[in-house]
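Everything below concerns the one structure shown next.
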Amino acid sequence: MICLPKFSHPASRYPQYLPFQNTNMFSESKTQFYHHGRFRVAGGSIPDAVTAYRTYGDPENPCIVFPTCYGGRLDSQEYMVGSNKVLDPTKYFVVTFALFSNGESSSPSNTPEPYNGPYFPAVSYEDNIRAQYAVLTQKLGIKKLHMAIGFSMGGQQAYHWAVVYPDFVERYVVICGSARTSPHNQCFLEGPKAALVASKDFDDGHYRTTPQHGIRAFGRVYSAWAYGQTWFREYGHLRAGLYPDLTTFLREEWELGFLKAWDANDMLTLLATWNAGDVSGIRDGGDLGKCLSAIKAKGLIMPSKSDLYFPPEDSETEVSFMKNTARLVVIDTVYGHMAGGGSNSEDDIFIQAEVRKFLEE
């Protein structure tokens, strides 16, 4: 469920490849940090847990939450935020949240001893949602959440918002995500994880310099999963002439993207959060159908037709349990999972149009 790190995408170095430019005043929002004090998480506790977030617009307007995905930073959220976009700060109070372990909120890479690096505790989606709820209610004074929306891991968080706080959330939008991480999805995750932890320079998480071998291997194992087969067949990886061949694409986009801005322990801890995702673990004893059928909020579920690890069939099954509250809209695309993360203008226009209609219902 990666959103290919926006800092590694050609758009970050070659602005002409950006599907939408942020040219409005709201792109200058500053990152803020909320200190929770000691915060209990799935694997123990964090003595001084920090949630990083940004706000856009007037707090008096309806509040929309837009959390990050795997490979996402707060900067990467702005492809959907702006006066010319669906998350319009002139109409809504938009709050973007950084997941624990993304390098901005509390993470293995920025937490002091004794919970630094490989000693950082496991964190669940529910932990993230509880932390975000604390920011909204205790810091920002929000009484009701108009909508939770997210792509990939952000979409899984949107599902969790609807389950953890059923009377607080009015709407949620899941873009290329699921209520439960499927066995096939988990099996896929073991590939890049194994490539990283088995590398000669990872040193069981005690590395002192960037584990180049492990992170490069992680990126290469992951690379075939993010886009659909047709996208590769049509030479999408050459980026309209930006790259001369597949090797260059892998080196400059997948290896460099993770090497430049990601810590290996952060990557693994975040991967574990994704792996364990399951809203029915919060209530209903693992009965996914029962859990989903009890959701009160209105839902819009938007899988990509060519997503290799969040396939539309999984979304169809989930929506079948929510016939009276959720609607399924499949993104007809060759971009695979990446269709939902602002990777191309055609899919982005379609997604934002559907979300606008949903907000107006």
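Please note that chains go A, B, ... in the order of the structure tokens, that every chain numbers its residues from 1, and that ligands are numbered from 1 in the order shown.
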
Can you list every residue of segment 58-151 of chain A that has an atom at most 8 Å from segment 346-352 of chain A, with its nearest atom pair and the distance in Å to one decimal, using only C-alpha atoms, ordered by chain then number, as a Markdown table?
```
| residue | atom | partner | partner_atom | distance |
| --- | --- | --- | --- | --- |
| A:Met80 | CA | A:Gln352 | CA | 7.8 |
| A:Lys85 | CA | A:Gln352 | CA | 7.4 |
| A:Val86 | CA | A:Gln352 | CA | 5.6 |
```

Task: Shortest interatomic distance to Lys323 of chain A - which of A:Gly299, A:Ser306, A:Arg251, A:Asn265, counting only C-alpha atoms - done: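 So, comparing all the options, the nearest one is A:Gly299.
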
Open item on the list: as a VMD selection string, please: every residue in segment 162-299 of chain A that a backbone DSSP assignment puts in strand (DSSP E or B).
Closed with: chain A and resid 169 171 to 175 180 278 298 to 299

Task: Among listed residues A:Ser109, A:Ser124, A:Gln32, A:Ser101, nearest Gly44 of chain A (using only C-alpha atoms) - done: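 Smallest distance to Gly44 of chain A is found for A:Ser124.
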
- [ ] May I ask which of the residues A:Thr51, A:Thr248, A:Gln229, A:Ser178 is the closest one to Ser280 of chain A, counting only C-alpha atoms?
- [x] A:Ser178

Quick one: residues within 7 Å of segment 191-205 of chain A, only C-alpha atoms, excluding same-chain residues fewer than 2 positions away - as a CSV table (one decimal) with N, CA and C atoms, in the first residue's frame?
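File result07.csv, as written:
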```csv
chain,number,residue,atom,x,y,z
A,117,GLY,N,15.4,3.1,17.3
A,117,GLY,CA,15.7,2.0,16.4
A,117,GLY,C,14.9,0.8,16.5
A,118,PRO,N,15.5,-0.4,16.6
A,118,PRO,CA,14.8,-1.6,16.7
A,118,PRO,C,14.0,-1.8,18.0
A,188,PHE,N,2.6,-10.7,0.2
A,188,PHE,CA,3.4,-9.7,-0.6
A,188,PHE,C,4.4,-8.9,0.3
A,189,LEU,N,3.9,-8.5,1.4
A,189,LEU,CA,4.7,-7.6,2.3
A,189,LEU,C,6.0,-8.4,2.8
A,207,TYR,N,22.2,-0.9,12.6
A,207,TYR,CA,23.1,-0.3,11.6
A,207,TYR,C,23.5,1.2,12.1
A,211,PRO,N,21.7,1.3,5.5
A,211,PRO,CA,21.9,0.0,5.0
A,211,PRO,C,21.6,0.0,3.5
A,213,HIS,N,22.5,-1.8,0.9
A,213,HIS,CA,22.1,-3.1,0.2
A,213,HIS,C,20.6,-3.4,0.5
A,214,GLY,N,20.3,-3.3,1.8
A,214,GLY,CA,18.9,-3.7,2.2
A,214,GLY,C,17.8,-2.8,1.7
A,215,ILE,N,18.0,-1.5,1.7
A,215,ILE,CA,17.0,-0.6,1.2
A,215,ILE,C,16.9,-0.7,-0.3
A,217,ALA,N,17.4,-3.3,-2.1
A,217,ALA,CA,16.7,-4.6,-2.4
A,217,ALA,C,15.2,-4.4,-2.1
A,218,PHE,N,14.9,-3.8,-0.9
A,218,PHE,CA,13.5,-3.5,-0.6
A,218,PHE,C,12.8,-2.8,-1.7
A,221,VAL,N,12.3,-5.2,-4.8
A,221,VAL,CA,11.2,-6.2,-4.6
A,221,VAL,C,9.8,-5.6,-4.7
A,222,TYR,N,9.7,-4.4,-4.1
A,222,TYR,CA,8.4,-3.8,-4.1
A,222,TYR,C,8.0,-3.2,-5.5
A,265,ASN,N,14.4,1.1,9.9
A,265,ASN,CA,13.6,0.7,11.0
A,265,ASN,C,12.2,1.4,10.9
A,268,LEU,N,10.2,-0.6,8.4
A,268,LEU,CA,9.7,-1.9,8.9
A,268,LEU,C,8.6,-1.8,9.9
```

Could you give me, as an mmCIF file with N, CA and C atoms, in the first residue's frame, the residues within 7 Å of Ala179 of chain A, counting only C-alpha atoms and dropping anything in the same chain fewer than 2 positions from it?
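The result, written out as result.cif:
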```cif
data_model
loop_
_atom_site.group_PDB
_atom_site.id
_atom_site.type_symbol
_atom_site.label_atom_id
_atom_site.label_comp_id
_atom_site.auth_asym_id
_atom_site.auth_seq_id
_atom_site.Cartn_x
_atom_site.Cartn_y
_atom_site.Cartn_z
ATOM 1 N N GLN A 156 -6.968 2.691 4.885
ATOM 2 C CA GLN A 156 -7.212 1.779 6.001
ATOM 3 C C GLN A 156 -7.484 2.557 7.284
ATOM 4 N N TYR A 159 -11.133 3.681 7.257
ATOM 5 C CA TYR A 159 -11.986 2.596 7.750
ATOM 6 C C TYR A 159 -11.936 2.523 9.276
ATOM 7 N N THR A 181 -6.191 -6.232 6.126
ATOM 8 C CA THR A 181 -5.089 -6.598 5.238
ATOM 9 C C THR A 181 -5.201 -8.082 4.933
ATOM 10 N N ASP A 278 -6.790 -4.569 10.649
ATOM 11 C CA ASP A 278 -8.027 -5.353 10.684
ATOM 12 C C ASP A 278 -9.019 -4.661 11.614
ATOM 13 N N VAL A 279 -10.031 -4.018 11.040
ATOM 14 C CA VAL A 279 -10.990 -3.298 11.878
ATOM 15 C C VAL A 279 -11.757 -4.232 12.799
#
```

Task: Nearest to Cys187 of chain A by atom-to-atom distance, counting only C-alpha atoms, from A:Tyr309, A:Phe33, A:Tyr79, A:Trp254 - done: A:Tyr309

TODO: Could you give me, as a PyMOL selection string, each residue of segment 48-113 of chain A that DSSP assigns to helix (DSSP H, G or I) when run on this structure's backbone?
DONE: chain A and resi 74-79

TODO: Go through A:Val81, A:Asp263, A:Tyr133, A:Asp127 and flag the residue nearest Thr209 of chain A, using only C-alpha atoms for the distances.
DONE: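 Closest to Thr209 of chain A of all the choices is A:Asp263.
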
Open item on the list: Let me make sure I understand: among A:Ala297, A:Cys69, A:Val95, A:Leu288, which one has the smallest atom-to-atom distance to Phe168 of chain A if we use only C-alpha atoms?
Closed with: A:Ala297

Could you make a table, as a Markdown table, of the residues of segment 84-178 of chain A that have an atom within 12 Å of an atom of segment 332-338 of chain A, each with its nearest atom pair and distance in Å to one decimal, counting only C-alpha atoms, in chain and number order?
```
| residue | atom | partner | partner_atom | distance |
| --- | --- | --- | --- | --- |
| A:Phe151 | CA | A:Met338 | CA | 9.3 |
| A:Ser152 | CA | A:His337 | CA | 8.0 |
| A:Met153 | CA | A:His337 | CA | 11.5 |
| A:Ile175 | CA | A:His337 | CA | 9.3 |
| A:Cys176 | CA | A:His337 | CA | 6.4 |
| A:Gly177 | CA | A:His337 | CA | 9.1 |
```

Write a file of the just-selected residues containing all heavy atoms, as a JSON list (two decimals), in the first residue's frame.
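Output saved as selection_39.json:
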```
[["chain", "number", "residue", "atom", "x", "y", "z"],
["A", 151, "PHE", "N", -5.65, 7.43, 1.14],
["A", 151, "PHE", "CA", -5.16, 6.52, 0.10],
["A", 151, "PHE", "C", -4.26, 5.48, 0.73],
["A", 151, "PHE", "O", -3.41, 5.80, 1.57],
["A", 151, "PHE", "CB", -4.38, 7.33, -0.95],
["A", 151, "PHE", "CG", -3.45, 6.51, -1.81],
["A", 151, "PHE", "CD1", -3.94, 5.51, -2.64],
["A", 151, "PHE", "CD2", -2.08, 6.73, -1.77],
["A", 151, "PHE", "CE1", -3.08, 4.74, -3.42],
["A", 151, "PHE", "CE2", -1.22, 5.98, -2.56],
["A", 151, "PHE", "CZ", -1.71, 4.98, -3.38],
["A", 152, "SER", "N", -4.46, 4.21, 0.37],
["A", 152, "SER", "CA", -3.58, 3.14, 0.80],
["A", 152, "SER", "C", -3.65, 2.96, 2.32],
["A", 152, "SER", "O", -4.72, 2.70, 2.84],
["A", 152, "SER", "CB", -2.16, 3.45, 0.31],
["A", 152, "SER", "OG", -1.37, 2.31, 0.27],
["A", 153, "MET", "N", -2.54, 3.11, 3.02],
["A", 153, "MET", "CA", -2.62, 3.04, 4.48],
["A", 153, "MET", "C", -3.53, 4.13, 5.02],
["A", 153, "MET", "O", -4.15, 3.97, 6.07],
["A", 153, "MET", "CB", -1.23, 3.16, 5.12],
["A", 153, "MET", "CG", -0.39, 1.89, 5.07],
["A", 153, "MET", "SD", 1.15, 2.00, 6.02],
["A", 153, "MET", "CE", 0.57, 1.61, 7.68],
["A", 175, "ILE", "N", -9.56, 5.00, -0.54],
["A", 175, "ILE", "CA", -9.01, 4.96, -1.89],
["A", 175, "ILE", "C", -7.88, 3.92, -1.93],
["A", 175, "ILE", "O", -6.85, 4.09, -1.26],
["A", 175, "ILE", "CB", -8.47, 6.33, -2.32],
["A", 175, "ILE", "CG1", -9.56, 7.40, -2.19],
["A", 175, "ILE", "CG2", -7.92, 6.29, -3.74],
["A", 175, "ILE", "CD1", -9.06, 8.82, -2.36],
["A", 176, "CYS", "N", -8.10, 2.84, -2.65],
["A", 176, "CYS", "CA", -7.09, 1.78, -2.78],
["A", 176, "CYS", "C", -6.65, 1.27, -1.41],
["A", 176, "CYS", "O", -5.45, 1.24, -1.08],
["A", 176, "CYS", "CB", -5.88, 2.26, -3.58],
["A", 176, "CYS", "SG", -6.27, 2.84, -5.23],
["A", 177, "GLY", "N", -7.61, 0.87, -0.61],
["A", 177, "GLY", "CA", -7.32, 0.35, 0.72],
["A", 177, "GLY", "C", -8.32, -0.73, 1.09],
["A", 177, "GLY", "O", -9.17, -1.12, 0.27]]
```

- [ ] Have a look at atom CA of Glu316 of chain A and atom CA of Ile129 of chain A and let me know their distance in Å, one decimal.
- [x]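 Interatomic distance here is 24.7 Å.
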
Open item on the list: List as an MDAnalysis selection string the protein and nucleic acid residues near Phe120 of chain A, meaning an atom at most 12 Å away when only C-alpha atoms are counted, but skip any in the same chain fewer than 2 places from it.
Closed with: chainID A and resid 41:47 49 100:101 106:118 122:123 205 265:266 268:270 272

So that I have them on file, write out the residues from the current selection with N, CA, C and O atoms, as a tab-separated table (two decimals), in the first residue's frame.
```tsv
chain	number	residue	atom	x	y	z
A	41	VAL	N	0.64	1.94	23.16
A	41	VAL	CA	0.46	1.42	21.80
A	41	VAL	C	0.45	-0.11	21.85
A	41	VAL	O	0.67	-0.71	22.92
A	42	ALA	N	0.23	-0.73	20.72
A	42	ALA	CA	0.07	-2.18	20.67
A	42	ALA	C	1.26	-2.93	21.27
A	42	ALA	O	1.09	-3.97	21.91
A	43	GLY	N	2.47	-2.41	21.06
A	43	GLY	CA	3.66	-3.11	21.53
A	43	GLY	C	4.23	-2.60	22.83
A	43	GLY	O	5.36	-2.96	23.18
A	44	GLY	N	3.49	-1.77	23.56
A	44	GLY	CA	3.98	-1.24	24.85
A	44	GLY	C	3.56	0.20	25.02
A	44	GLY	O	2.36	0.51	25.04
A	45	SER	N	4.53	1.11	25.13
A	45	SER	CA	4.19	2.53	25.25
A	45	SER	C	5.36	3.38	24.77
A	45	SER	O	6.51	2.93	24.73
A	46	ILE	N	5.04	4.62	24.42
A	46	ILE	CA	6.04	5.60	24.01
A	46	ILE	C	6.01	6.71	25.06
A	46	ILE	O	4.96	7.33	25.28
A	47	PRO	N	7.12	6.98	25.76
A	47	PRO	CA	7.11	7.93	26.88
A	47	PRO	C	6.64	9.34	26.51
A	47	PRO	O	5.93	9.97	27.28
A	49	ALA	N	5.08	10.51	23.22
A	49	ALA	CA	4.64	10.30	21.84
A	49	ALA	C	4.27	11.63	21.18
A	49	ALA	O	3.67	12.50	21.81
A	100	PHE	N	2.40	7.35	12.82
A	100	PHE	CA	3.55	6.95	13.65
A	100	PHE	C	4.49	6.12	12.77
A	100	PHE	O	4.05	5.27	11.99
A	101	SER	N	5.77	6.38	12.89
A	101	SER	CA	6.85	5.66	12.18
A	101	SER	C	7.09	6.17	10.77
A	101	SER	O	7.84	5.55	10.03
A	106	SER	N	6.21	10.28	15.98
A	106	SER	CA	7.15	9.41	16.70
A	106	SER	C	7.49	8.19	15.88
A	106	SER	O	6.60	7.51	15.35
A	107	SER	N	8.78	7.90	15.76
A	107	SER	CA	9.29	6.85	14.88
A	107	SER	C	10.56	6.26	15.48
A	107	SER	O	11.20	6.87	16.34
A	108	PRO	N	10.96	5.09	15.02
A	108	PRO	CA	12.25	4.53	15.47
A	108	PRO	C	13.41	5.48	15.24
A	108	PRO	O	14.34	5.54	16.05
A	109	SER	N	13.35	6.26	14.17
A	109	SER	CA	14.48	7.12	13.81
A	109	SER	C	14.57	8.41	14.62
A	109	SER	O	15.63	9.04	14.67
A	110	ASN	N	13.48	8.82	15.27
A	110	ASN	CA	13.52	10.09	16.00
A	110	ASN	C	13.18	9.96	17.47
A	110	ASN	O	13.04	10.98	18.17
A	111	THR	N	13.02	8.74	17.96
A	111	THR	CA	12.71	8.52	19.36
A	111	THR	C	13.99	8.22	20.13
A	111	THR	O	14.79	7.38	19.71
A	112	PRO	N	14.22	8.90	21.25
A	112	PRO	CA	15.46	8.68	22.01
A	112	PRO	C	15.48	7.33	22.71
A	112	PRO	O	14.45	6.65	22.83
A	113	GLU	N	16.63	6.94	23.15
A	113	GLU	CA	16.77	5.71	23.94
A	113	GLU	C	15.84	5.77	25.15
A	113	GLU	O	15.58	6.85	25.68
A	114	PRO	N	15.27	4.68	25.59
A	114	PRO	CA	15.58	3.30	25.19
A	114	PRO	C	14.67	2.72	24.10
A	114	PRO	O	14.69	1.53	23.85
A	115	TYR	N	13.87	3.59	23.44
A	115	TYR	CA	12.94	3.07	22.44
A	115	TYR	C	13.35	3.47	21.01
A	115	TYR	O	12.53	3.53	20.11
A	116	ASN	N	14.62	3.71	20.83
A	116	ASN	CA	15.13	4.09	19.51
A	116	ASN	C	15.31	2.86	18.62
A	116	ASN	O	15.42	1.73	19.09
A	117	GLY	N	15.37	3.10	17.32
A	117	GLY	CA	15.70	2.05	16.36
A	117	GLY	C	14.86	0.80	16.51
A	117	GLY	O	13.62	0.85	16.58
A	118	PRO	N	15.50	-0.36	16.60
A	118	PRO	CA	14.77	-1.64	16.66
A	118	PRO	C	14.01	-1.84	17.97
A	118	PRO	O	13.25	-2.81	18.09
A	122	ALA	N	5.73	-1.82	18.57
A	122	ALA	CA	4.76	-1.97	17.48
A	122	ALA	C	3.60	-1.01	17.68
A	122	ALA	O	3.16	-0.77	18.81
A	123	VAL	N	3.10	-0.46	16.58
A	123	VAL	CA	2.01	0.51	16.62
A	123	VAL	C	0.90	0.03	15.69
A	123	VAL	O	1.17	-0.40	14.56
A	205	GLY	N	18.80	-4.23	12.61
A	205	GLY	CA	18.28	-2.92	12.97
A	205	GLY	C	19.26	-2.04	13.72
A	205	GLY	O	18.92	-0.91	14.09
A	265	ASN	N	14.45	1.15	9.89
A	265	ASN	CA	13.58	0.73	10.99
A	265	ASN	C	12.21	1.38	10.90
A	265	ASN	O	11.20	0.77	11.25
A	266	ASP	N	12.15	2.62	10.44
A	266	ASP	CA	10.86	3.27	10.21
A	266	ASP	C	10.06	2.47	9.18
A	266	ASP	O	8.86	2.22	9.35
A	268	LEU	N	10.17	-0.65	8.40
A	268	LEU	CA	9.71	-1.94	8.90
A	268	LEU	C	8.59	-1.79	9.92
A	268	LEU	O	7.64	-2.58	9.94
A	269	THR	N	8.70	-0.80	10.79
A	269	THR	CA	7.66	-0.60	11.80
A	269	THR	C	6.35	-0.19	11.13
A	269	THR	O	5.26	-0.65	11.51
A	270	LEU	N	6.44	0.66	10.12
A	270	LEU	CA	5.26	1.07	9.38
A	270	LEU	C	4.66	-0.11	8.62
A	270	LEU	O	3.43	-0.27	8.55
A	272	ALA	N	4.75	-3.15	9.57
A	272	ALA	CA	4.07	-4.00	10.55
A	272	ALA	C	2.68	-3.47	10.88
A	272	ALA	O	1.73	-4.24	11.10
```

TODO: Just give me the gap between atom CA of Tyr243 of chain A and atom CA of Thr68 of chain A in Å, one decimal is fine.
DONE: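 Between these atoms lies a distance of 27.8 Å.
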
Open item on the list: Please list as a list in words every residue within 7 Å of Ile301 of chain A, counting only C-alpha atoms and excluding residues in the same chain fewer than 2 positions away.
Closed with: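 Those residues are Val173, Val174, Ile175, Gly299, Pro303, Arg327, Leu328 and Val329 of chain A.
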
Open item on the list: Please report the interatomic distance between atom CA of Val94 of chain A and atom CA of Ser76 of chain A in Å with one decimal.
Closed with: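 Between these atoms lies a distance of 14.3 Å.
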